[in-house]
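Participant: Before I ask anything, here is the structure I am working with.
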Amino acid sequence: MDNINNDFSIGLLTWQALILLSIALWIYCLIDILKNKFAQNDKIIWVLVVILIPFIGSILYLFIGKNKKLKLN
């Protein structure tokens, strides 16, 4: 019985860590979007993508959206 409880607590801890990392990634992406400038309406589009599709939208922003930021001197 003790082995079952130990396995359950490790699984629960793993899920909690994944959820916390996902929330941290979501918050990081939103802050990065809001702090930077984008061309035309790209900022609004990225905010909506990250908010409406939290995990996948954050990953998409990191791979696609970060390259779309305007470079300021």
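Residues are named by chain letter and number: chains run A, B, ... in the order of the structure tokens, numbers start at 1 in each chain, and ligands are numbered from 1 in the order shown.
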Would you pick out the contacts of segment 59-67 of chain A at 12 Å or less, using only C-alpha atoms, so that residues sharing its chain but fewer than 3 positions from it are not included, and give the list as a count of residues only?

Facilitator: 31

Participant: So, counting only C-alpha atoms, which residue among A:Ser58, A:Ser9, A:Gln40, A:Thr14 is closest to Ile27 of chain A?

Facilitator: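 Closest to Ile27 of chain A of all the choices is A:Ser58.
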